[in-house]
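Asker: So that you have it, the file is work04.csv, and it contains CSV, C-alpha atoms:
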```
chain,number,residue,atom,x,y,z
A,1,MET,CA,109.3,108.0,79.8
A,2,ILE,CA,105.8,109.6,79.2
A,3,ARG,CA,104.5,109.1,75.7
A,4,SER,CA,103.1,112.1,73.9
A,5,ASP,CA,99.7,110.3,73.5
A,6,ASP,CA,99.5,109.5,77.3
A,7,PRO,CA,96.6,111.5,78.8
A,8,ARG,CA,98.9,112.5,81.6
A,9,ALA,CA,101.5,114.1,79.2
A,10,CYS,CA,100.0,117.6,79.6
A,11,PHE,CA,100.4,117.5,83.4
A,12,TYR,CA,104.0,116.4,83.1
A,13,ALA,CA,104.8,119.1,80.6
A,14,ARG,CA,103.4,121.7,82.9
A,15,LEU,CA,105.2,120.3,85.9
A,16,LYS,CA,108.5,120.2,84.0
A,17,ASP,CA,108.1,123.8,83.0
A,18,ILE,CA,107.4,124.9,86.6
A,19,LEU,CA,110.4,122.8,88.0
A,20,LEU,CA,112.9,124.1,85.4
A,21,ARG,CA,111.9,127.7,86.0
A,22,HIS,CA,112.2,127.4,89.8
A,23,MET,CA,115.2,125.1,89.8
A,24,ALA,CA,117.8,126.6,87.5
A,25,GLU,CA,120.5,124.5,89.1
A,26,ALA,CA,120.8,121.1,90.6
A,27,GLY,CA,119.6,120.7,94.2
A,28,SER,CA,116.5,120.6,96.4
A,29,LEU,CA,114.3,123.5,97.2
A,30,SER,CA,111.7,123.9,100.0
A,31,ALA,CA,108.9,125.7,98.3
A,32,PRO,CA,106.7,128.3,100.0
A,33,VAL,CA,103.9,125.8,99.7
A,34,PRO,CA,103.9,124.0,103.0
A,35,GLY,CA,105.4,120.5,102.7
A,36,LEU,CA,106.3,120.8,99.1
A,37,ARG,CA,109.9,120.3,97.9
A,38,LEU,CA,111.4,120.5,94.4
A,39,HIS,CA,114.3,118.3,93.2
A,40,ARG,CA,116.7,118.5,90.3
A,41,ARG,CA,119.8,116.4,89.7
A,42,ASP,CA,122.1,116.8,86.6
A,43,VAL,CA,124.4,113.8,87.3
A,44,PRO,CA,123.4,110.2,87.9
A,45,GLY,CA,124.8,107.8,90.5
A,46,ILE,CA,125.6,110.1,93.4
A,47,PRO,CA,124.2,108.5,96.6
A,48,GLU,CA,122.3,110.6,99.1
A,49,HIS,CA,121.5,109.3,102.6
A,50,CYS,CA,118.7,110.9,104.5
A,51,PHE,CA,116.0,110.3,107.1
A,52,SER,CA,112.7,111.0,105.3
A,53,ARG,CA,109.4,111.9,106.8
A,54,PRO,CA,106.3,110.3,105.4
A,55,ALA,CA,106.1,111.7,101.8
A,56,LEU,CA,104.9,111.3,98.2
A,57,THR,CA,107.8,111.6,95.7
A,58,LEU,CA,106.8,112.1,92.1
A,59,ILE,CA,109.3,111.7,89.2
A,60,VAL,CA,108.6,114.2,86.4
A,61,GLN,CA,111.6,113.4,84.2
A,62,GLY,CA,114.4,110.9,84.5
A,63,ALA,CA,114.6,107.9,86.9
A,64,LYS,CA,115.6,107.1,90.5
A,65,ARG,CA,116.5,104.3,92.8
A,66,THR,CA,115.7,104.4,96.5
A,67,LEU,CA,116.5,101.8,99.2
A,68,ILE,CA,114.2,101.9,102.2
A,69,GLY,CA,115.0,99.3,104.9
A,70,ARG,CA,115.1,96.0,102.9
A,71,GLU,CA,113.1,97.3,100.0
A,72,ASP,CA,114.7,98.4,96.7
A,73,TYR,CA,112.6,100.7,94.5
A,74,ARG,CA,113.3,101.8,91.0
A,75,TYR,CA,110.9,104.3,89.4
A,76,GLY,CA,110.8,106.9,86.7
A,77,ALA,CA,108.6,109.5,85.0
A,78,GLY,CA,105.0,108.7,85.5
A,79,GLN,CA,105.6,106.9,88.8
A,80,CYS,CA,105.5,107.9,92.5
A,81,LEU,CA,107.1,106.5,95.6
A,82,VAL,CA,104.8,106.7,98.7
A,83,ALA,CA,106.5,106.3,102.1
A,84,GLY,CA,104.0,106.1,105.0
A,85,ILE,CA,106.4,106.4,107.9
A,86,ALA,CA,109.6,108.2,108.7
A,87,MET,CA,112.5,106.0,107.4
A,88,PRO,CA,116.2,106.1,106.7
A,89,ASN,CA,116.9,105.7,103.0
A,90,MET,CA,119.6,105.9,100.4
A,91,SER,CA,118.7,107.1,96.9
A,92,TYR,CA,120.3,108.2,93.7
A,93,CYS,CA,119.2,109.2,90.2
A,94,THR,CA,119.8,106.6,87.5
A,95,GLU,CA,118.9,108.8,84.6
A,96,ALA,CA,120.1,112.4,84.7
A,97,SER,CA,122.1,114.8,82.6
A,98,ALA,CA,122.6,118.6,82.2
A,99,ASP,CA,120.4,118.5,79.1
A,100,GLN,CA,117.8,116.1,80.6
A,101,PRO,CA,118.0,116.5,84.4
A,102,CYS,CA,116.2,114.2,86.7
A,103,LEU,CA,113.2,116.3,88.0
A,104,GLY,CA,110.8,115.6,90.8
A,105,LEU,CA,108.8,116.9,93.6
A,106,SER,CA,107.8,115.6,97.0
A,107,LEU,CA,104.9,116.4,99.3
A,108,GLU,CA,105.3,115.6,103.0
A,109,LEU,CA,102.4,113.6,104.3
A,110,ASP,CA,100.5,114.8,107.3
A,111,SER,CA,99.9,111.9,109.6
A,112,ALA,CA,97.2,113.7,111.6
A,113,LEU,CA,95.4,114.6,108.4
A,114,ILE,CA,95.6,111.0,107.1
A,115,GLU,CA,94.3,109.7,110.5
A,116,ARG,CA,91.3,112.1,110.2
A,117,LEU,CA,90.5,111.3,106.6
A,118,ALA,CA,91.0,107.5,107.1
A,119,ALA,CA,88.4,107.5,109.9
A,120,GLY,CA,85.7,107.6,107.2
A,121,LEU,CA,87.1,105.0,105.0
A,122,PRO,CA,87.2,101.1,105.2
A,123,VAL,CA,90.3,99.8,107.0
A,124,GLY,CA,90.9,96.5,105.2
A,125,ARG,CA,93.0,93.9,107.0
A,126,GLN,CA,94.2,96.2,109.8
A,127,ASP,CA,95.9,93.5,111.8
A,128,THR,CA,98.2,92.4,108.9
A,129,PRO,CA,101.6,94.1,108.9
A,130,GLN,CA,102.3,95.8,105.6
A,131,LYS,CA,105.3,97.4,104.0
A,132,CYS,CA,105.6,101.1,104.8
A,133,SER,CA,106.3,102.1,101.2
A,134,GLY,CA,105.6,101.3,97.6
A,135,VAL,CA,105.8,102.6,94.0
A,136,TRP,CA,102.7,103.1,91.8
A,137,GLU,CA,101.8,104.7,88.5
A,138,THR,CA,100.4,108.2,89.1
A,139,ASP,CA,96.8,108.7,88.0
A,140,GLY,CA,95.4,111.8,86.3
A,141,ASP,CA,93.4,113.1,89.3
A,142,LEU,CA,96.4,113.1,91.6
A,143,LEU,CA,98.6,114.7,88.9
A,144,ASP,CA,96.1,117.4,88.3
A,145,THR,CA,96.1,118.2,92.1
A,146,LEU,CA,99.9,118.2,92.3
A,147,CYS,CA,100.1,120.4,89.2
A,148,ARG,CA,97.7,123.0,90.7
A,149,LEU,CA,99.7,122.8,94.0
A,150,ALA,CA,103.0,123.4,92.2
A,151,ALA,CA,101.4,126.2,90.1
A,152,LEU,CA,100.9,128.2,93.3
A,153,LEU,CA,104.6,129.0,93.2
A,154,ASP,CA,103.6,131.4,90.3
A,155,ALA,CA,100.6,132.7,92.2
A,156,PRO,CA,101.7,133.5,95.7
A,157,GLU,CA,98.5,135.6,96.3
A,158,ARG,CA,96.4,132.4,96.1
A,159,MET,CA,98.7,130.2,98.2
A,160,ALA,CA,97.2,130.8,101.7
A,161,GLY,CA,93.7,130.1,100.4
A,162,LEU,CA,94.3,127.2,98.0
A,163,ALA,CA,97.3,125.3,99.4
A,164,PRO,CA,95.5,123.7,102.4
A,165,ILE,CA,92.6,122.6,100.2
A,166,LEU,CA,94.8,121.1,97.5
A,167,THR,CA,97.0,119.4,100.1
A,168,GLN,CA,94.0,117.8,101.7
A,169,GLN,CA,92.7,116.7,98.3
A,170,ALA,CA,96.1,115.1,97.5
A,171,HIS,CA,96.0,113.2,100.8
A,172,LEU,CA,92.4,112.0,100.1
A,173,LEU,CA,93.3,110.9,96.6
A,174,LEU,CA,96.2,108.9,97.9
A,175,LEU,CA,93.9,107.2,100.5
A,176,LEU,CA,91.4,106.4,97.7
A,177,GLY,CA,94.0,105.2,95.3
A,178,PRO,CA,96.1,102.0,95.1
A,179,GLN,CA,98.3,103.4,97.9
A,180,GLY,CA,95.3,103.7,100.2
A,181,GLY,CA,95.6,100.3,101.9
A,182,LEU,CA,99.1,101.1,103.1
A,183,LEU,CA,98.2,104.5,104.4
A,184,ARG,CA,94.9,103.4,106.0
A,185,THR,CA,96.5,100.7,108.0
A,186,LEU,CA,99.1,103.2,109.3
A,187,GLY,CA,96.5,105.9,109.9
A,188,THR,CA,93.6,104.0,111.5
A,189,ARG,CA,93.5,104.2,115.3
A,190,GLY,CA,93.6,100.9,117.0
A,191,SER,CA,95.4,99.0,114.3
A,192,GLY,CA,98.7,97.4,115.0
A,193,ASN,CA,100.4,99.3,112.3
A,194,HIS,CA,99.1,102.6,113.6
A,195,GLN,CA,100.5,101.7,117.0
A,196,ILE,CA,103.9,101.2,115.3
A,197,GLN,CA,103.6,104.6,113.7
A,198,ARG,CA,102.9,106.2,117.1
A,199,SER,CA,105.9,104.4,118.5
A,200,ILE,CA,108.1,105.8,115.7
A,201,ASN,CA,106.9,109.3,116.5
A,202,LEU,CA,107.8,108.7,120.1
A,203,LEU,CA,111.2,107.5,119.1
A,204,ILE,CA,111.8,110.6,117.0
A,205,GLU,CA,110.7,112.8,119.9
A,206,ARG,CA,113.1,111.0,122.3
A,207,MET,CA,115.9,110.4,119.9
A,208,ALA,CA,118.6,111.6,122.3
A,209,GLN,CA,117.4,109.3,125.1
A,210,PRO,CA,118.5,105.7,125.6
A,211,LEU,CA,116.3,103.3,123.7
A,212,ASP,CA,113.8,101.4,125.9
A,213,VAL,CA,112.0,98.8,123.8
A,214,GLU,CA,110.0,97.6,126.7
A,215,GLU,CA,108.5,101.1,127.3
A,216,LEU,CA,107.8,101.4,123.5
A,217,ALA,CA,106.0,98.1,123.6
A,218,ARG,CA,103.9,99.2,126.6
A,219,HIS,CA,103.1,102.5,124.8
A,220,ALA,CA,101.9,100.4,121.8
A,221,HIS,CA,99.9,98.0,124.0
A,222,MET,CA,101.9,95.0,122.8
A,223,ALA,CA,104.1,92.4,124.3
A,224,ALA,CA,107.7,93.2,123.7
A,225,SER,CA,108.2,90.2,121.4
A,226,THR,CA,105.1,91.1,119.4
A,227,PHE,CA,106.2,94.7,119.2
A,228,ARG,CA,109.7,93.7,117.9
A,229,ARG,CA,108.2,91.4,115.3
A,230,ARG,CA,105.6,93.9,114.0
A,231,PHE,CA,108.2,96.8,114.1
A,232,ARG,CA,110.5,94.7,111.8
A,233,SER,CA,107.6,93.8,109.5
A,234,VAL,CA,106.7,97.4,109.0
A,235,THR,CA,110.1,99.1,108.9
A,236,GLY,CA,112.4,96.2,107.7
A,237,MET,CA,114.7,96.7,110.7
A,238,SER,CA,114.8,96.2,114.5
A,239,PRO,CA,113.9,99.0,116.9
A,240,THR,CA,117.6,99.2,117.9
A,241,LEU,CA,118.9,99.6,114.4
A,242,TYR,CA,116.1,102.1,113.5
A,243,HIS,CA,117.1,104.2,116.6
A,244,LYS,CA,120.7,104.1,115.5
A,245,HIS,CA,119.9,105.2,112.0
A,246,LEU,CA,117.7,108.0,113.4
A,247,GLN,CA,120.5,109.3,115.6
A,248,LEU,CA,123.2,109.2,112.9
A,249,TYR,CA,121.1,110.8,110.1
A,250,GLU,CA,120.1,113.6,112.5
A,251,ALA,CA,123.8,114.1,113.4
A,252,GLN,CA,124.6,114.2,109.6
A,253,ARG,CA,121.9,116.9,109.2
A,254,LEU,CA,123.3,118.9,112.2
A,255,ILE,CA,126.8,118.8,110.7
A,256,LEU,CA,125.6,119.8,107.2
A,257,GLU,CA,122.8,122.2,107.8
A,258,GLU,CA,123.7,123.8,111.2
A,259,GLN,CA,127.5,123.6,110.8
A,260,ALA,CA,127.8,121.7,114.1
A,261,ASP,CA,131.1,120.1,114.8
A,262,VAL,CA,131.3,116.3,115.1
A,263,ALA,CA,131.5,116.3,118.9
A,264,GLU,CA,128.5,118.6,119.3
A,265,ALA,CA,126.4,116.6,116.8
A,266,ALA,CA,127.2,113.4,118.6
A,267,HIS,CA,126.2,114.8,122.0
A,268,ARG,CA,123.0,116.4,120.7
A,269,VAL,CA,121.7,113.0,119.3
A,270,GLY,CA,122.5,111.2,122.5
A,271,TYR,CA,126.0,109.7,122.2
A,272,GLU,CA,128.2,109.8,125.3
A,273,SER,CA,131.2,108.3,123.6
A,274,LEU,CA,132.7,110.2,120.6
A,275,SER,CA,134.7,107.2,119.5
A,276,GLN,CA,131.6,105.0,119.5
A,277,PHE,CA,129.8,107.7,117.5
A,278,ASN,CA,132.6,107.7,114.9
A,279,ARG,CA,132.6,103.9,114.7
A,280,ASP,CA,128.8,103.7,114.2
A,281,TYR,CA,128.8,106.6,111.7
A,282,ARG,CA,131.5,104.9,109.6
A,283,ARG,CA,129.8,101.5,109.8
A,284,ILE,CA,126.4,102.7,108.7
A,285,LEU,CA,127.1,105.7,106.5
A,286,GLY,CA,130.4,104.5,105.0
A,287,SER,CA,132.8,107.3,106.0
A,288,SER,CA,133.9,109.3,109.0
A,289,PRO,CA,131.6,112.2,109.9
A,290,ALA,CA,134.1,114.9,108.9
A,291,ARG,CA,135.0,113.3,105.6
A,292,HIS,CA,131.4,112.6,104.8
A,293,ALA,CA,130.5,116.2,105.4
A,294,ARG,CA,133.3,117.4,103.1
A,295,LEU,CA,132.1,115.0,100.4
A,296,LEU,CA,128.5,116.1,100.6
A,297,ARG,CA,129.6,119.7,100.4
A,298,GLY,CA,131.8,119.1,97.4
A,299,GLU,CA,134.9,120.0,99.4
A,300,ASP,CA,136.7,116.6,99.1
A,301,GLY,CA,137.8,115.5,95.7
```
Have the structure of the file written as structure tokens, please.

Answerer:
Amino acid sequence: MIRSDDPRACFYARLKDILLRHMAEAGSLSAPVPGLRLHRRDVPGIPEHCFSRPALTLIVQGAKRTLIGREDYRYGAGQCLVAGIAMPNMSYCTEASADQPCLGLSLELDSALIERLAAGLPVGRQDTPQKCSGVWETDGDLLDTLCRLAALLDAPERMAGLAPILTQQAHLLLLLGPQGGLLRTLGTRGSGNHQIQRSINLLIERMAQPLDVEELARHAHMAASTFRRRFRSVTGMSPTLYHKHLQLYEAQRLILEEQADVAEAAHRVGYESLSQFNRDYRRILGSSPARHARLLRGEDG
């Protein structure tokens, strides 16, 4: 809850106004501003599974809980979750109602931009594995930048000129803020954590191919045992489990967003056995693919 005497209150009031005007109903909206998404939930407690790209998620009103790997984050208005790498997660709103919806926005982080900006900043302990995500209080400078970025929704004629500048400013403020250590170790060439990030990008590109940990380790210039240990330290899971989550969450997206049938989705993410796909999907996501799709579409009471 943001107090009225908090210096940040004016930014949150402005963001709330923008979000309510552009999000008349519950859901998520990809804004015309590149990388920006708006979020509104009117009911608490409905779990949502997804595979998120690196992003900053800001809560404007309400509260949320997000589980990323082995980490459990609870955060509310005035706080932001920063995830430095692509990770499977489960989240739900803990405070939301039709009168006081949970409101938020997320900005996808550009790994190439972080790498470029981080080149001019101190690295810190680059050989020490760090968690890939964290929750922090949002300072006034970052809020001001996010406000001006969201305000471009009401000024489309300024979007092409200002959106890239404001997006770069948001990235730089994150690197200079309390989140900076996390992002710099992931974005600094030559660091072990950066090698893990590059390996994750390779995993995503080759999602439908059989997992080869030895090849990933060579790509990261590490011994296989070192690679496995550092990968688990950064992501909270083994490369094998990460790859499995990556395949299943992409299959879920194909079924929901592209209307693919279960067999097609399984094939496209690399499964040769439909029965194995169904077993893995049920074990990790808690339901059969077909029933899960109906639940998420609101078709299964």

Asker: Pick the closest to Cys93 (chain A) from A:Ser191, A:Ser225, A:Gln61, A:Gln179: which is it, counting all atoms listed in the file?

Answerer: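 Using all atoms listed in the file, Cys93 (chain A) sits closest to A:Gln61.
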
Asker: Env of region 80-83 of chain A: 6 Å cut, atoms = all atoms listed in the file, seq-sep filter 2 positions within chain, self excluded. Answer as a ChimeraX atom specification.

Answerer: /A:54-58,85,132-136

Asker: What would the file look like if the residues just selected were written as a PDB file, in the frame of the given file with C-alpha atoms?

Answerer:
```pdb
ATOM      1  CA  PRO A  54     106.300 110.300 105.400  1.00  0.00           C
ATOM      2  CA  ALA A  55     106.100 111.700 101.800  1.00  0.00           C
ATOM      3  CA  LEU A  56     104.900 111.300  98.200  1.00  0.00           C
ATOM      4  CA  THR A  57     107.800 111.600  95.700  1.00  0.00           C
ATOM      5  CA  LEU A  58     106.800 112.100  92.100  1.00  0.00           C
ATOM      6  CA  ILE A  85     106.400 106.400 107.900  1.00  0.00           C
ATOM      7  CA  CYS A 132     105.600 101.100 104.800  1.00  0.00           C
ATOM      8  CA  SER A 133     106.300 102.100 101.200  1.00  0.00           C
ATOM      9  CA  GLY A 134     105.600 101.300  97.600  1.00  0.00           C
ATOM     10  CA  VAL A 135     105.800 102.600  94.000  1.00  0.00           C
ATOM     11  CA  TRP A 136     102.700 103.100  91.800  1.00  0.00           C
TER      12      TRP A 136
END
```

Asker: Please determine, counting all atoms listed in the file, which residue among A:Gly270, A:Gly62, A:Pro156, A:Gly180 has the shortest atom-to-atom distance to Lys16 (chain A).

Answerer: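 Answer, going by the shortest atom-to-atom distance: A:Gly62.
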
Asker: Would you mind telling me which residue in A:Ser288, A:Leu36, A:Leu121, A:Arg282 lies nearest to Leu173 (chain A) when using only C-alpha atoms?

Answerer: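 Comparing A:Ser288, A:Leu36, A:Leu121, A:Arg282 against Leu173 (chain A), the winner is A:Leu121.
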
Asker: Tell me which residues come within 6 Å of (118.0, 103.8, 102.4), as a PyMOL selection string, counting only C-alpha atoms in the file's coordinates.

Answerer: chain A and resi 67-69+88-90

Asker: Would you mind exporting the chosen residues as a PDB file, in the frame of the given file, restricted to C-alpha atoms?

Answerer:
```pdb
ATOM      1  CA  LEU A  67     116.500 101.800  99.200  1.00  0.00           C
ATOM      2  CA  ILE A  68     114.200 101.900 102.200  1.00  0.00           C
ATOM      3  CA  GLY A  69     115.000  99.300 104.900  1.00  0.00           C
ATOM      4  CA  PRO A  88     116.200 106.100 106.700  1.00  0.00           C
ATOM      5  CA  ASN A  89     116.900 105.700 103.000  1.00  0.00           C
ATOM      6  CA  MET A  90     119.600 105.900 100.400  1.00  0.00           C
TER       7      MET A  90
END
```
